[in-house]
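Everything on this sheet refers to the single structure shown next.
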Amino acid sequence: MGVIIDGLKISKEKREKIKKEVEFLKDEGINVCLAVILVGKNPASKIYVKNKKKACQELGIISKEILLDEKIEKEELKEVINSLNEDEEVNGILLQLPLPKHLNENEIVNYISSLKDVDCFCTKNTGKLFSGNFYFAPCTPSGIIDLIKSTNVKISGKNAVVVGRSNIVGKPMAMLLLKENATVCICHSKTENLEFFTKNADILIVAIGKPNFIRGDMVKKGAVVIDVGINRLSNNKLCGDVFFEEVLNVAGFLTPVPGGVGPMTITKLMENTIKAVRLQKNKIKC
Ligand code: NDP
């Protein structure tokens with residue numbers, strides 16, 4: 001029977017540290033502020049934004065919420081982002097994705113100043129990530145690295161398999177694992193014989209958005225398994241991409257859903273907001 005990685009506990013410990021840092025900055029006369037932009041009324045996005053606001057409040061970070069109409073045009077959204085880029089009181093900017101269909105996400109994330117891009121979405125910051133020399137790391141993948149490290153399993157030299165190749169999770173995840181000297185393989189919907197790869201993984205990260213997709217017999221005994229998926233079932237319960245009970249019998253370590261990757265993602269956002277303050281105030285070269 002594997003060990004459940006308690007993402008809630010690990011993020012709570014990290015948040016205590018962040019809270020102290022926010023207090024320290026306040027004593028220095030700096031009020032940390034994160035601006036969150038939500039376009040439209042996507043119910044899942046509304047929940048994510050609410051959770052981020054709650055975390056800011058808990059840690060003493062000012063949260064500036066900008067709610068915009070679903071039909072907003074590109075130029076108007078650009079102006080909103082520009083005014084936040086120029087606002088010295090705003091340290092971090094988060095644009096909640098997905099955006100409504102008429103807006104090109106890849107283009108719009110690049111309106112965010114790379115110095116305030118706490119989600120690490122703009123091309124300048126993702127380029128740095130790919131070069132291996134980066135300041136901001138994207139929240140979900142960097143939270144996952146912390147979760148893996150919490151197990152004390154060495155990442156260096158291990159076979160790491162990432163299932164899913166999205167720009168938000170899969171691809172940056174692979175880059176961070178590579179930076180940690182893992183041997184990395186990325187699988188996706190066109191991968192033939194997926195099981196061959198997952199069964200060889202010492203570290204398996206699953207981010208596909210398919211409930212209970214990874215079964216016990218697809219996992220290597222003793223592996224570290226990280227379930228990124230968040231799926232809502234017809235009974236309204238949340239579940240991950242990994243069949244929890246089956247895989248826990250085989251894996252060495254496994255993250256639960258909820259209570260695994262989710263809380264760490266928000267914690268990393270808070271951490272990146274503090275990093276943004278340092279970047280802006282200390283004029284660190286980025
Ligand atoms: P996307 O839909 O953008 O990407 C899904 C990826 O999974 C694609 O690369 C797709 O392959 C691949 N895929 C789909 N079906 C299969 C399959 N049968 N076998 C192998 N690969 C497959 O999703 P995201 O990366 O944005 O999110 C993935 C999941 O993680 C979702 O449930 C999301 O809600 C959750 N999530 C959780 C976060 C957290 O903080 N906990 C943060 C972000 C996401 P292809 O490219 O070939 O189509």
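FYI, nothing fancy with the structure tokens labels: chains A, B, ... in order, residues from 1 per chain, ligands from 1 as they appear.
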- Polymer residues at most 10 Å from A:Asn231, only C-alpha atoms, same-chain spacing of 4 or more positions, as a VMD selection string: chain A and resid 208 to 212 236 to 241 257 to 258
Each residue of chain A lying at most 6 Å from ligand 1 should get a row with its shortest atom-to-atom pair and the distance in Å to one decimal, counting only C-alpha atoms and all ligand atoms; could you produce that, ordered by chain and increasing number, as CSV?
```
residue,atom,partner,partner_atom_place_in_ligand_line,distance
A:Thr140,CA,ligand 1,40 (O),5.3
A:Val163,CA,ligand 1,21 (N),5.5
A:Gly164,CA,ligand 1,7 (O),3.7
A:Arg165,CA,ligand 1,9 (O),3.7
A:Ser166,CA,ligand 1,25 (O),4.4
A:Ile168,CA,ligand 1,26 (O),5.8
A:Val169,CA,ligand 1,25 (O),4.8
A:Gly170,CA,ligand 1,25 (O),5.9
A:Cys187,CA,ligand 1,20 (C),5.9
A:His188,CA,ligand 1,21 (N),3.5
A:Ser189,CA,ligand 1,21 (N),3.7
A:Lys190,CA,ligand 1,47 (O),5.4
A:Ala207,CA,ligand 1,28 (C),4.1
A:Ile208,CA,ligand 1,7 (O),3.4
A:Gly209,CA,ligand 1,32 (O),3.2
A:Val228,CA,ligand 1,30 (O),4.7
A:Gly229,CA,ligand 1,32 (O),3.5
A:Ile230,CA,ligand 1,32 (O),4.1
A:Asn231,CA,ligand 1,32 (O),5.5
A:Val261,CA,ligand 1,41 (N),4.7
A:Gly262,CA,ligand 1,41 (N),3.8
A:Thr265,CA,ligand 1,40 (O),4.9
```
- Pick from A:Ser234, A:Thr123, A:Asn104, A:Thr267 nearest to A:Pro141, counting only C-alpha atoms: A:Thr267
- Message: Could you list, as an MDAnalysis selection string, every residue within 7 Å of stretch 198-206 of chain A, counting only C-alpha atoms and ignoring same-chain residues fewer than 2 positions away?
- Response: chainID A and resid 158:164 194:196 208 218:220 223:229 241
Could you give me, as a Markdown table, every stretch 103-219 of chain A residue with an atom at most 6 Å from stretch 79-92 of chain A, plus its closest atom pair and distance in Å to one decimal, counting only C-alpha atoms, rows ordered by chain then number?
```
| residue | atom | partner | partner_atom | distance |
| --- | --- | --- | --- | --- |
| A:Ser113 | CA | A:Asn85 | CA | 5.9 |
| A:Lys116 | CA | A:Gly92 | CA | 4.5 |
| A:Val118 | CA | A:Gly92 | CA | 5.6 |
```
- Task: Using backbone DSSP assignments, extract all helix (DSSP H, G or I) residues from stretch 48-266 of chain A; output them as a count of residues only.
- Result: 81
- Message: Show me, as a PyMOL selection string, the residues that have an atom within 9 Å of A:Leu129 when counting only C-alpha atoms, minus same-chain residues fewer than 5 positions from it.
- Response: chain A and resi 120+124+134-138+172+175-176
Please produce a file of those selected residues containing C-alpha atoms, as a short mmCIF file (atom, residue, chain, number, x, y, z; two decimals), in the first residue's frame.
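Final output, part_18.cif:
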```cif
data_model
loop_
_atom_site.label_atom_id
_atom_site.label_comp_id
_atom_site.auth_asym_id
_atom_site.auth_seq_id
_atom_site.Cartn_x
_atom_site.Cartn_y
_atom_site.Cartn_z
CA CYS A 120 4.56 32.05 -16.29
CA LYS A 124 9.37 35.40 -22.76
CA PHE A 134 14.18 30.95 -15.50
CA TYR A 135 12.89 33.14 -12.69
CA PHE A 136 9.17 32.31 -12.66
CA ALA A 137 8.14 28.66 -12.92
CA PRO A 138 4.50 27.86 -13.75
CA PRO A 172 6.29 22.87 -18.60
CA MET A 175 10.91 20.97 -18.62
CA LEU A 176 11.01 21.16 -14.82
#
```
- Note on the structure: atom CA of A:Asn249 sits from atom CA of A:Cys139 at a separation of 28.9 Å
- Message: Give me, as a list of chain:residue names, all polymer residues having an atom no more than 12 Å from A:Ile10, counting only C-alpha atoms and skipping those fewer than 3 positions away in the same chain.
- Response: A:Ile4, A:Ile5, A:Asp6, A:Gly7, A:Glu13, A:Lys14, A:Arg15, A:Glu16, A:Lys17, A:Gly143, A:Ile144, A:Asp146, A:Leu147, A:Ile148, A:Lys149, A:Ser150, A:Thr151, A:Thr255, A:Gly259, A:Gly260, A:Val261, A:Gly262, A:Pro263, A:Met264, A:Thr265, A:Thr267, A:Lys268
Let's have the selection written as a CSV table (one decimal), in the first residue's frame, with N, CA, C and O atoms.
```csv
chain,number,residue,atom,x,y,z
A,4,ILE,N,0.0,8.3,0.8
A,4,ILE,CA,-0.8,9.4,0.2
A,4,ILE,C,0.0,10.7,0.5
A,4,ILE,O,0.4,11.0,1.6
A,5,ILE,N,0.3,11.4,-0.6
A,5,ILE,CA,1.0,12.7,-0.5
A,5,ILE,C,0.0,13.8,-0.1
A,5,ILE,O,-0.9,14.0,-0.9
A,6,ASP,N,0.2,14.3,1.1
A,6,ASP,CA,-0.8,15.3,1.6
A,6,ASP,C,-0.5,16.7,1.1
A,6,ASP,O,0.2,17.4,1.8
A,7,GLY,N,-1.1,17.0,0.0
A,7,GLY,CA,-0.9,18.4,-0.6
A,7,GLY,C,-1.4,19.5,0.3
A,7,GLY,O,-0.8,20.6,0.3
A,13,GLU,N,2.2,24.3,5.3
A,13,GLU,CA,3.5,24.7,5.8
A,13,GLU,C,4.1,25.8,5.0
A,13,GLU,O,4.7,26.7,5.5
A,14,LYS,N,4.0,25.7,3.7
A,14,LYS,CA,4.6,26.7,2.8
A,14,LYS,C,3.9,28.0,3.0
A,14,LYS,O,4.5,29.1,3.0
A,15,ARG,N,2.6,28.0,3.2
A,15,ARG,CA,1.8,29.2,3.3
A,15,ARG,C,2.2,30.0,4.6
A,15,ARG,O,2.2,31.2,4.6
A,16,GLU,N,2.5,29.2,5.6
A,16,GLU,CA,3.0,29.9,6.9
A,16,GLU,C,4.2,30.7,6.6
A,16,GLU,O,4.3,31.9,7.1
A,17,LYS,N,5.1,30.2,5.8
A,17,LYS,CA,6.4,30.9,5.5
A,17,LYS,C,6.0,32.1,4.6
A,17,LYS,O,6.6,33.2,4.8
A,143,GLY,N,4.6,23.3,-8.3
A,143,GLY,CA,4.0,22.7,-7.1
A,143,GLY,C,4.2,21.2,-7.1
A,143,GLY,O,4.5,20.6,-6.0
A,144,ILE,N,4.1,20.6,-8.3
A,144,ILE,CA,4.3,19.1,-8.4
A,144,ILE,C,5.8,18.7,-8.0
A,144,ILE,O,6.0,17.7,-7.3
A,146,ASP,N,7.6,20.2,-5.9
A,146,ASP,CA,7.7,20.2,-4.5
A,146,ASP,C,7.1,19.0,-3.9
A,146,ASP,O,7.5,18.4,-2.9
A,147,LEU,N,5.9,18.6,-4.4
A,147,LEU,CA,5.3,17.4,-3.9
A,147,LEU,C,6.1,16.1,-4.1
A,147,LEU,O,6.2,15.3,-3.2
A,148,ILE,N,6.8,16.0,-5.2
A,148,ILE,CA,7.7,14.8,-5.4
A,148,ILE,C,8.8,14.9,-4.4
A,148,ILE,O,9.2,13.9,-3.8
A,149,LYS,N,9.4,16.1,-4.2
A,149,LYS,CA,10.5,16.2,-3.3
A,149,LYS,C,10.1,15.9,-1.9
A,149,LYS,O,10.9,15.4,-1.1
A,150,SER,N,8.9,16.1,-1.6
A,150,SER,CA,8.4,15.8,-0.2
A,150,SER,C,8.5,14.3,0.1
A,150,SER,O,8.5,14.0,1.3
A,151,THR,N,8.5,13.5,-0.9
A,151,THR,CA,8.6,12.1,-0.7
A,151,THR,C,10.0,11.6,-0.4
A,151,THR,O,10.2,10.4,0.0
A,255,THR,N,-0.8,11.2,-5.1
A,255,THR,CA,-1.5,12.4,-4.6
A,255,THR,C,-3.0,12.1,-4.7
A,255,THR,O,-3.5,11.5,-5.7
A,259,GLY,N,-7.1,17.7,-2.7
A,259,GLY,CA,-6.1,17.7,-1.6
A,259,GLY,C,-4.7,17.3,-2.0
A,259,GLY,O,-3.9,17.0,-1.1
A,260,GLY,N,-4.4,17.3,-3.3
A,260,GLY,CA,-3.1,17.0,-3.8
A,260,GLY,C,-2.5,18.1,-4.5
A,260,GLY,O,-1.9,19.1,-3.8
A,261,VAL,N,-2.6,18.1,-5.8
A,261,VAL,CA,-1.9,19.2,-6.6
A,261,VAL,C,-2.6,20.5,-6.5
A,261,VAL,O,-2.0,21.6,-6.5
A,262,GLY,N,-4.0,20.5,-6.4
A,262,GLY,CA,-4.8,21.7,-6.4
A,262,GLY,C,-4.3,22.8,-5.3
A,262,GLY,O,-3.9,23.9,-5.7
A,263,PRO,N,-4.2,22.4,-4.1
A,263,PRO,CA,-3.7,23.4,-3.1
A,263,PRO,C,-2.3,23.9,-3.3
A,263,PRO,O,-2.0,25.1,-3.1
A,264,MET,N,-1.5,23.0,-3.9
A,264,MET,CA,-0.1,23.4,-4.1
A,264,MET,C,0.0,24.5,-5.3
A,264,MET,O,0.8,25.4,-5.3
A,265,THR,N,-0.9,24.3,-6.2
A,265,THR,CA,-0.9,25.3,-7.4
A,265,THR,C,-1.2,26.7,-6.8
A,265,THR,O,-0.5,27.6,-7.2
A,267,THR,N,-0.7,27.8,-3.8
A,267,THR,CA,0.4,28.2,-2.9
A,267,THR,C,1.6,28.7,-3.8
A,267,THR,O,2.2,29.7,-3.5
A,268,LYS,N,1.8,28.0,-4.9
A,268,LYS,CA,2.9,28.5,-5.8
A,268,LYS,C,2.6,29.8,-6.4
A,268,LYS,O,3.5,30.6,-6.7
```
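The residues of stretch 144-285 of chain A that DSSP classifies as strand (DSSP E or B), using the backbone of this structure, are Asn159, Ala160, Val161, Val162, Val163, Thr183, Val184, Cys185, Ile186, Cys187, Ile203, Leu204, Ile205, Val206, Ile214, Val224, Val225, Ile226, Asp227, Asn231, Arg232, Leu238, Cys239, Val242, Phe253 and Leu254 of chain A.
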Restricted to N, CA and C atoms, what would the selected residues look like written as an mmCIF file, in the first residue's frame?
```
data_model
loop_
_atom_site.group_PDB
_atom_site.id
_atom_site.type_symbol
_atom_site.label_atom_id
_atom_site.label_comp_id
_atom_site.auth_asym_id
_atom_site.auth_seq_id
_atom_site.Cartn_x
_atom_site.Cartn_y
_atom_site.Cartn_z
ATOM 1 N N ASN A 159 13.260 7.615 -14.423
ATOM 2 C CA ASN A 159 12.381 7.659 -15.601
ATOM 3 C C ASN A 159 11.122 8.400 -15.208
ATOM 4 N N ALA A 160 10.904 9.578 -15.797
ATOM 5 C CA ALA A 160 9.686 10.341 -15.479
ATOM 6 C C ALA A 160 8.805 10.374 -16.718
ATOM 7 N N VAL A 161 7.555 10.013 -16.561
ATOM 8 C CA VAL A 161 6.626 10.031 -17.692
ATOM 9 C C VAL A 161 5.506 11.027 -17.388
ATOM 10 N N VAL A 162 5.292 11.937 -18.343
ATOM 11 C CA VAL A 162 4.223 12.926 -18.205
ATOM 12 C C VAL A 162 3.148 12.554 -19.209
ATOM 13 N N VAL A 163 1.947 12.293 -18.743
ATOM 14 C CA VAL A 163 0.857 11.983 -19.680
ATOM 15 C C VAL A 163 0.025 13.259 -19.824
ATOM 16 N N THR A 183 14.976 11.526 -16.632
ATOM 17 C CA THR A 183 14.897 11.163 -18.050
ATOM 18 C C THR A 183 13.409 11.241 -18.382
ATOM 19 N N VAL A 184 13.062 12.186 -19.266
ATOM 20 C CA VAL A 184 11.641 12.531 -19.390
ATOM 21 C C VAL A 184 11.011 12.049 -20.691
ATOM 22 N N CYS A 185 9.811 11.545 -20.581
ATOM 23 C CA CYS A 185 9.051 11.115 -21.754
ATOM 24 C C CYS A 185 7.663 11.755 -21.656
ATOM 25 N N ILE A 186 7.196 12.331 -22.768
ATOM 26 C CA ILE A 186 5.854 12.940 -22.764
ATOM 27 C C ILE A 186 4.914 12.080 -23.600
ATOM 28 N N CYS A 187 3.807 11.683 -23.024
ATOM 29 C CA CYS A 187 2.794 10.911 -23.763
ATOM 30 C C CYS A 187 1.556 11.783 -23.992
ATOM 31 N N ILE A 203 8.498 7.934 -11.934
ATOM 32 C CA ILE A 203 7.670 9.090 -11.559
ATOM 33 C C ILE A 203 6.640 9.258 -12.674
ATOM 34 N N LEU A 204 5.389 9.209 -12.307
ATOM 35 C CA LEU A 204 4.317 9.295 -13.321
ATOM 36 C C LEU A 204 3.419 10.491 -12.997
ATOM 37 N N ILE A 205 3.320 11.418 -13.968
ATOM 38 C CA ILE A 205 2.478 12.604 -13.782
ATOM 39 C C ILE A 205 1.346 12.489 -14.787
ATOM 40 N N VAL A 206 0.118 12.566 -14.335
ATOM 41 C CA VAL A 206 -1.009 12.395 -15.248
ATOM 42 C C VAL A 206 -1.859 13.667 -15.280
ATOM 43 N N ILE A 214 -6.048 6.133 -15.401
ATOM 44 C CA ILE A 214 -4.857 5.295 -15.132
ATOM 45 C C ILE A 214 -5.227 4.237 -14.088
ATOM 46 N N VAL A 224 6.221 6.983 -7.908
ATOM 47 C CA VAL A 224 5.590 8.196 -7.370
ATOM 48 C C VAL A 224 4.565 8.626 -8.419
ATOM 49 N N VAL A 225 3.306 8.672 -8.050
ATOM 50 C CA VAL A 225 2.258 9.005 -9.024
ATOM 51 C C VAL A 225 1.574 10.318 -8.617
ATOM 52 N N ILE A 226 1.574 11.257 -9.559
ATOM 53 C CA ILE A 226 0.973 12.567 -9.292
ATOM 54 C C ILE A 226 -0.238 12.729 -10.210
ATOM 55 N N ASP A 227 -1.384 12.919 -9.586
ATOM 56 C CA ASP A 227 -2.648 13.025 -10.328
ATOM 57 C C ASP A 227 -3.053 14.495 -10.419
ATOM 58 N N ASN A 231 -11.772 16.174 -12.240
ATOM 59 C CA ASN A 231 -12.961 15.811 -13.034
ATOM 60 C C ASN A 231 -14.169 15.767 -12.105
ATOM 61 N N ARG A 232 -15.285 16.324 -12.590
ATOM 62 C CA ARG A 232 -16.505 16.258 -11.770
ATOM 63 C C ARG A 232 -17.385 15.136 -12.305
ATOM 64 N N LEU A 238 -15.694 15.062 -6.940
ATOM 65 C CA LEU A 238 -14.485 15.307 -7.741
ATOM 66 C C LEU A 238 -13.641 14.049 -7.785
ATOM 67 N N CYS A 239 -13.016 13.791 -8.931
ATOM 68 C CA CYS A 239 -12.042 12.700 -8.961
ATOM 69 C C CYS A 239 -10.914 13.068 -9.921
ATOM 70 N N VAL A 242 -6.474 9.408 -12.144
ATOM 71 C CA VAL A 242 -5.910 8.140 -11.680
ATOM 72 C C VAL A 242 -6.956 7.408 -10.833
ATOM 73 N N PHE A 253 3.934 6.197 -3.766
ATOM 74 C CA PHE A 253 3.343 7.456 -3.309
ATOM 75 C C PHE A 253 2.285 7.891 -4.329
ATOM 76 N N LEU A 254 1.223 8.525 -3.821
ATOM 77 C CA LEU A 254 0.153 8.979 -4.729
ATOM 78 C C LEU A 254 -0.504 10.230 -4.153
#
```
- Message: Report, in Å with one decimal, the straight-line distance from atom CA of A:Leu177 to atom CA of A:Phe130.
- Response: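 Spanning atom CA of A:Leu177 to atom CA of A:Phe130 is a straight-line distance of 11.4 Å.
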- Message: Applying 8 Å and only C-alpha atoms, which residues near A:Cys122 remain after dropping the ones on its own chain fewer than 6 positions away? List them as a list in words.
- Response: Asn106, Val109, Asn110, Tyr111, Ile112 and Ser114 of chain A
Write out, as a tab-separated table (two decimals), in the first residue's frame, the residues just selected, with C-alpha atoms.
```tsv
chain	number	residue	atom	x	y	z
A	106	ASN	CA	-1.58	32.79	-26.90
A	109	VAL	CA	-0.99	36.29	-22.33
A	110	ASN	CA	1.85	38.18	-24.02
A	111	TYR	CA	0.28	41.53	-23.06
A	112	ILE	CA	1.21	40.75	-19.44
A	114	SER	CA	7.08	39.36	-17.94
```
- Message: I'd like the neighbourhood of stretch 69-76 of chain A as a PyMOL selection string, where a residue qualifies if any of its atoms comes within 10 Å (using only C-alpha atoms), though same-chain residues fewer than 4 positions away should be ignored.
- Response: chain A and resi 38-42+80-82+99-104+107-108
- Task: Please measure the separation of atom CA of A:Thr126 and atom CA of A:Pro98, giving the value in Å to one decimal.
- Result: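 That distance, rounded to one decimal, is 17.8 Å.
If you measure from each of A:Ile266, A:Gly222, A:Asn235, A:Ile93 to A:Val250 using only C-alpha atoms, the closest one turns out to be A:Gly222.
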